[in-house]
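Peer 1: The following block contains the structure, expressed as structure tokens.
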Amino acid sequence: MSTQGRVYKVAGPLVIAEGMRSANMFDVVHVGEKELIGEIIEMHGDRASVQVYEETAGIGRGDEVVSTDAPLSVELGPGLVTNIYDGIQRPLETLREMAGSNLKKGISAPGLDRSRVWDFDATASVGDSVCAGDIIGTVRETEAVLHKIMVPPASRGGKIRSIRSGSFRVTDTVAVIEREDGSSEELSLMQKWPVRISRPYREKLPPTEPLITGQRNMDSMFPIARGGTACVPGPFGSGKTVVQHQLAKWSDVDLVVYIGCGERGNEMTDVLREFPELADPRTGRSLMERTILIANTSDMPVAAREASIYTGITIAEYFRDMGYSVAVIADSTSRWAEALREMSGRLEEMPGEEGYPAYLTSRLAQFYERAGKVVCLGSDRREGALSAIGAVSPPGGDISEPVSQATLRIVKVFWGLDSALAYRRHFPAINWLNSYSLYRDRLAQWYAENVASDFMEKTQRCLKTLQTEASLNEIVQLVGMDALSPDDRMTLEISRSLREDYLQQDAMSDTDTYTPLDKQYALLSLLFSFEDKGREAIKKGADIDAVSELPVRERIGRAKAVPYENYRAEYAEIEAELDRELEAVIPV
């Protein structure tokens with residue numbers, strides 16, 4: 001039976017209701033005549049503090065508050081992919097059709113379309129024994145995604161009494177399971193799951209393979225593991241959104257869940273317009289065919305920001321349980337933390353650093369710890385991976401603020417964006433001096449077996465060279481370039497090549513926007529070949545200026561734009577030309 005109470009106090013998105021003694025924490029409630037959706041976040045006696053996910057203007061003391069006696073949950077089934085939701089899984093396109101461009105308060109629609117018919121292909125048979133997580137059939141949701149219909153995690157399993165292929169709506173029964181005690185359980189194409197509880201799995205696996213992004217700075221310098229966690233902090237204008245677009249388009253994953261959490265409306269509009277137009281490199285069709293968007297802009301009710309993060313990662317876990325590799329891209333967790341701070345202030349909790357609640361770090365950890373590579377539930381062994389990548393927007397680019405620091409203590413990869421690099425048109429503007437990846441050692445064996453035995457040694461050499469350049473630049477600023485030895489000047493030359501010809505990447509170029517790992521290794525080898533042979537020539541008496549001004553350097557600079565199918569022959573030609581030109585500058 002639903003619990004009914006009355007509004008006692010309204011403070012922005014926070015509503016305090018009395019008469020709610022029999023309600024539970026995190027129950028969903030409906031507030032007022034328009035049945036605004038809210039969630040209980042604190043209980044004191046018979047009073048419940050409710051964060052309301054809609055604008056509370058018009059709510060007054062004495063208005064009715066009705067509990068649904070159920071936690072905030074998402075609907076999981078065919079129809080998720082290509083959809084655009086708000087923070088509490090209301091389909092925005094459906095709401096627009098119902099109410100026009102300006103959404104009305106209290107308007108609601110189910111997360112999955114009840115009228116759409118799906119073709120279900122049964123893979124299990126009558127008499128089969130099934131348990132939680134077993135796949136009983138499939139639905140071709142898009143050309144890129146085969147939706148696997150699973151026995152819900154909470155099911156006790158049993159023998160299939162009936163199952164049939166055909167056309168069904170998400171609420172129709174497709175199979176019936178008979179339990180050992182004689183009771184039966186009906187299975188439909190849809191299941192529900194509470195967003196604050198992580199979905200169960202059989203076993204968590206250590207990260208052993210990288211998530212290939214095709215971005216040289218990330219794959220070779222600061223790799224993220226499949227099922228790993230990463231953050232992209234950076235000030236305004238440093239390219240966070242472009243980096244995340246590149247990750248969404250090129251990452252080696254089966255599905256992408258993009259959460260626009262508290263971002264500016266115009267940025268989210270760009271995402272909503274661009275993603276359907278982006279071509280998926282896997283299928284050549286729209287990228288939206290393997291993407292789920294959650295749009296929760298900064299002008300939407302602040303409480304819904306928190307829900308949007310949990311909604312997105314629960315949907316991602318559902319597809320992970322099918323055995324897919326999923327990437328969750330959250331932009332940005334700073335706006336989510338600001339929502340926590342506002343709600344904490346209205347609850348009159350003791351503030352922590354800079355006004356953020358004391359539980360900020362634990363909430364961030366709850367989000368990132370749901371990532372991982374796992375053995376899924378079910379009698380057949382299948383592995384799924386969920387990679388979580390969160391953007392952080394520190395005020396003024398100061399990463400010493402609490403959200404950035406709390407995130408850094410949790411994630412294993414830090415891609416620190418630098419506004420100075422961005423203003424110099426260096427993309428991606430990842431600062432190689434303060435970024436890091438704690439997965440490098442774990443992934444070394446995979447790179448050695450699948451790319452080259454010395455891949456990690458070369459990337460480490462690259463990082464060391466760039467760090468040496470930073471200290472040499474300080475000397476140059478003090479005493480000038482002429483004070484440096486030819487050896488040090490050669491270090492500056494190769495550092496410039498590494499920065500401009502390797503780390504810098506053109507997201508708008510068809511040939512340079514994505515670089516496979518073998519081409520990354522070949523390009524890095526070519527640059528170090530110039531350094532090694534150049535140093536050898538200097539030892540034999542060649543002038544450093546003559547070596548640094550070799551005509552072949554222009555070809556080396558353009559080598560990254562060589563099409564993938566031609567790069568081996570082209571790089572061999574460049575190598576031969578380098579040998580000839582160096583031979584010419586060595587005095588006889």
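For the structure tokens, the naming scheme is as follows: chains receive sequential letters (A, B, ...) according to their order of presentation, residues are indexed from 1 within each chain, and ligands are indexed from 1 in presentation order.
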Report as number ranges by chain all protein, DNA and RNA residues lying within 10 Å of region 567-576 of chain A, evaluated on only C-alpha atoms, omitting residues in the same chain fewer than 2 positions from it.

Peer 2: A: 518-519, 522-523, 525-527, 529-530, 552-553, 555-556, 559-565, 578-581

Peer 1: What does the distance between CA of Pro587 (chain A) and CA of Gly557 (chain A) come to in Å, to one decimal place?

Peer 2: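 Spanning CA of Pro587 (chain A) to CA of Gly557 (chain A) is a straight-line distance of 26.1 Å.
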
Peer 1: I'd like the contact shell of Thr297 (chain A) - 8 Å cut-off, only C-alpha atoms, skipping same-chain residues fewer than 3 positions apart - returned as a PyMOL selection string.

Peer 2: chain A and resi 260-265+268+300

Peer 1: Using only C-alpha atoms, can you tell me which of A:Ser387, A:Thr138, A:Ser49, A:Ser167 comes closest to Ser115 (chain A)?

Peer 2: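 Ranking A:Ser387, A:Thr138, A:Ser49, A:Ser167 by distance to Ser115 (chain A), first place goes to A:Ser167.
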
Peer 1: Between CA of Ile224 (chain A) and CA of Gln460 (chain A), what is the distance in Å, rounded to a tenth?

Peer 2: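 Those two atoms sit 15.7 Å apart.
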
Peer 1: Taking the chain letters and numbering used in this document, name the residues of region 137-330 of chain A that DSSP puts in helix (DSSP H, G or I), as a PyMOL selection string.

Peer 2: chain A and resi 216-221+240-250+265-277+287-290+303-320

Peer 1: Which residues are near Glu54 (chain A)? Cut-off 12 Å, only C-alpha atoms, ignore same chain within fewer than 6 positions. Put them as a VMD selection string.

Peer 2: chain A and resid 12 to 15 30 to 32 34 to 39 86 to 88 103 to 108 296 299 to 305 307

Peer 1: Just want the 9 Å neighbourhood of region 207-216 of chain A, counted on only C-alpha atoms, with same-chain residues fewer than 3 positions away dropped. Output as a PyMOL selection string.

Peer 2: chain A and resi 219-221+223-228+246-253+372-373+387+428+439+442-447+502-505+513-517+520

Peer 1: Work out how far apart CA of Gly133 (chain A) and CA of Cys376 (chain A) are and give it in Å to one decimal.

Peer 2: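 Going from CA of Gly133 (chain A) over to CA of Cys376 (chain A) covers 7.3 Å.
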
Peer 1: Taking 3 positions as the minimum chain separation for residues in the same chain, which residues sit within 12 Å of Arg47 (chain A) when counting only C-alpha atoms? Answer as an MDAnalysis selection string.

Peer 2: chainID A and resid 4:9 15:25 40:44 50 65

Peer 1: Mind checking which residues fall within 8 Å of Tyr258 (chain A), counting only C-alpha atoms, ignoring those fewer than 4 positions away in the same chain, and posting them as number ranges by chain?

Peer 2: A: 248, 291-294, 312, 328-331

Peer 1: Counting only C-alpha atoms, figure out which residue out of A:Leu347, A:Ile177, A:Ala327, A:Ala154 gets nearest to Pro200 (chain A).

Peer 2: A:Ala154
